[in-house]
Structures are given as structure tokens and as C-alpha cells.
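Before any comments, here is the structure.
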Amino acid sequence: LALLETGIIPERHWFKHDYYKEMWPQDKKKFDSVIDELTRMRKAGKKIWNPLSQLDAFKEYYTDPVHFMQTTEYALHDYIIDLDEKKTIYLSGDELGRLGEARLKDMWQSERAQALREKIKTHGPGKRSCVINFVCAFPDDKTYTEKKKSELILRTPSVYENECSPSKKEINSISAETVRTPKFSVIMVNQACPLRCKMCYNWKEEVTRKENTLSDMKRFVSQCAELVGSKFEINLAGGEPFLRHDIFQLIRHISDLGYTVSCTSNGFLLNDHL
């Protein structure tokens, strides 16, 4: 997904190329057995983070990714707000503005934001949006199981009704006067990383080493608090977030506001202290 989104490879069937085969399951039966085991463990109460609906979505994606991406209703994902390392703010992958040029609450209600929502409804979100990775885009296990049993479930993650994704009633009522609040955010805390992973595009580009200051990121989070509801998740990504000496100050700030915080890390720097 990252390779496609950044335009590094234009071919939608890239996963069929020998060069990328290490990044794609070659044995479908083995892959399905792994997902089935994770599903069994999740149902048994083990600490598997992914909900059952997302595990099923992984199966569908790796069976036919092109079809999956075509049938996933990106148009519903107008509740994601991001901040990159250059202080650019995005609404579901499309540039909304710059940190500091206006309060986030005003940006979210602006004509520019509404124009992006109309674009998302007709053409989908910008390249930064990647629905299958967002746990908040999937329903809880009880809701999913009940709908699956009644054969009413639609197997596209963005149309599931849960605390993060919109209900059908909300979808039909989107207008300039009715705007959902953000549910999920990604803050790019840096570009630096100690690794050079094959599938990562970050290190292959010219890295400017620009980073938001701790003050900038705290300001973004505080302005989110003026806009969002009680259920809100912020993911800290990079680069490698744990290269920042002040990352725990940012985590504390988010946590103190009562929001869920996660970090996208390669785990290379993790130790007992962390």
C-alpha cells in the first residue's frame, strides 16, 4: 500500500513481481491458517489487538487486493486528520492547511474542508489514507458477529457501524451544516530511522530531517481537543518515533487529555526501560 500510495511503483499488480515476493504471502493456505489461528486466539480471549472483522478483511485483501481496494468505500473516511513533519495538516489524505495559519476547529469547518469532503465522496481520499491499517475503521467483535450471522454485514471495513466509522444515517446527512468530528489522527514526529527496510519509501527520498517541535505537536493535540469527542486516537509515526528524546512528553500530553495513543515503530530501539 505504501509503495502504491507514494507512486514509487505504478503497477497495481506489483505483488506478482518476483522482486517483491518477499513482501507478499506466497502460500495462500499457510497465510489463511495463520489468520485462522489469530482469529481462534482472539475468540479465546488472548491479547490479539486486531478485531475479527479486520482479520477477515486481511484474508480478503491478500486474496484479491485490487478488488478489495476497489470495493472499499473510502468516501466514508472524512474523519481522519493528520499532521506531517512539515506542519501540513491533512483531511483524510488531502492537504487542508498549515499548522498555525488558523485554529484547527475553524479549518475543519472551512469551505476548503467541505470541498475536500465532496471530493472524497466522489473520488476517494488522498494517497495518505490507508483504511485496512486502521483498527478504528472496523466494528467490535459482538457487532460484527451478530451482523455476520444475520447475513446483513457488508464486507467493506469503512461501512461498518462502530464508534469510529459513521452510521448510514450520518452518511446520508453529511452537508456543509453537518460535519462529523475527527476520530483518528496521525502525527509524523520525524523522518529519521536507523533501518533501511525494502518496503519503506521514507529513506529513499531526500530526507530534510525537518521535525515538528514538541510545542508544535502539543499545540496540534490541544487544538484537536477543542474539536473531537471523547473517543479519539492519535498515532505517532515517522521515521522512528523513539529516536525523539521528547516522545514521552508528547505521549503524556495526549494521555492526559484522555485519548488513545499508539506508536508506529520498527521496535529496533525498544528495551526494558521503554
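Here, A, B, ... name the chains of the C-alpha cells in the order displayed, residue numbers run from 1 inside each chain, and ligands are numbered from 1 in the same displayed order.
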
### Message
Taking only region 193-242 of chain A into account, list the residues labelled strand (DSSP E) by DSSP (computed from the backbone), as a PyMOL selection string.
### Response
chain A and resi 233-237

### Query
How many Å lie between CA of Arg219 (chain A) and CA of Gly93 (chain A), rounded to one decimal?
20.6 Å

### Query
Counting only C-alpha atoms, which of A:Pro65, A:Ser110, A:Pro139, A:Lys119 gets nearest to Pro51 (chain A)?
A:Pro139

### Message
List as an MDAnalysis selection string the protein and nucleic acid residues near Cys193 (chain A), meaning an atom at most 9 Å away when only C-alpha atoms are counted, but skip any in the same chain fewer than 4 places from it.
### Response
chainID A and resid 202:203 238:241 243

### Query
Leaving out Asn190 (chain A) and any residue of its chain fewer than 6 positions from it, which residues lie within 10 Å of it when counting only C-alpha atoms, given as a ChimeraX atom specification?
/A:84-86,208-213,236-244

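Rounded to one decimal, CA of Glu226 (chain A) and CA of Lys121 (chain A) lie 25.6 Å from each other.
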
Considering only C-alpha atoms, give me a table of residues in region 194-261 of chain A that are at most 12 Å from region 14-29 of chain A, with the closest atom pair and distance in Å for each, as JSON lines.
```
{"residue": "A:Cys197", "atom": "CA", "partner": "A:Met23", "partner_atom": "CA", "distance": 10.8}
{"residue": "A:Lys198", "atom": "CA", "partner": "A:Met23", "partner_atom": "CA", "distance": 8.8}
{"residue": "A:Met199", "atom": "CA", "partner": "A:Met23", "partner_atom": "CA", "distance": 7.6}
{"residue": "A:Cys200", "atom": "CA", "partner": "A:Met23", "partner_atom": "CA", "distance": 11.2}
```

### Message
Considering only helix (DSSP H, G or I) as DSSP defines it on the backbone, what residues of region 182-223 of chain A qualify? List them as a PyMOL selection string.
### Response
chain A and resi 202-204+214-223

Please dump the current selection as a compact mmCIF listing (two decimals), in the first residue's frame; keep N, CA and C atoms.
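Output (again.txt):
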```
# COMPACT_ATOMS: atom_id res chain seq x y z
N ASN A 202 10.42 6.12 2.86
CA ASN A 202 10.88 7.32 3.53
C ASN A 202 12.37 7.58 3.33
N TRP A 203 13.18 6.55 3.56
CA TRP A 203 14.62 6.74 3.48
C TRP A 203 15.12 6.85 2.04
N LYS A 204 14.28 6.43 1.06
CA LYS A 204 14.68 6.51 -0.34
C LYS A 204 14.53 7.91 -0.91
N LEU A 214 8.28 19.92 19.83
CA LEU A 214 7.35 19.38 20.81
C LEU A 214 6.20 20.36 21.04
N SER A 215 6.51 21.64 21.06
CA SER A 215 5.49 22.67 21.25
C SER A 215 4.48 22.67 20.12
N ASP A 216 4.95 22.49 18.87
CA ASP A 216 4.04 22.43 17.71
C ASP A 216 3.08 21.26 17.85
N MET A 217 3.60 20.11 18.20
CA MET A 217 2.77 18.91 18.27
C MET A 217 1.78 18.99 19.43
N LYS A 218 2.23 19.54 20.55
CA LYS A 218 1.31 19.72 21.67
C LYS A 218 0.19 20.69 21.29
N ARG A 219 0.54 21.72 20.54
CA ARG A 219 -0.48 22.69 20.11
C ARG A 219 -1.51 22.02 19.21
N PHE A 220 -1.04 21.17 18.28
CA PHE A 220 -1.95 20.44 17.41
C PHE A 220 -2.89 19.55 18.22
N VAL A 221 -2.33 18.83 19.18
CA VAL A 221 -3.14 17.93 20.02
C VAL A 221 -4.16 18.73 20.83
N SER A 222 -3.73 19.84 21.40
CA SER A 222 -4.63 20.67 22.20
C SER A 222 -5.75 21.24 21.35
N GLN A 223 -5.45 21.60 20.11
CA GLN A 223 -6.50 22.12 19.22
C GLN A 223 -7.44 21.00 18.78
```

### Task
Excluding region 32-44 of chain A and any residue of its chain fewer than 6 positions from it, enumerate the residues within 10 Å of it, using only C-alpha atoms, and give them as a PyMOL selection string.
chain A and resi 25+50-56+58-59+62-63+141
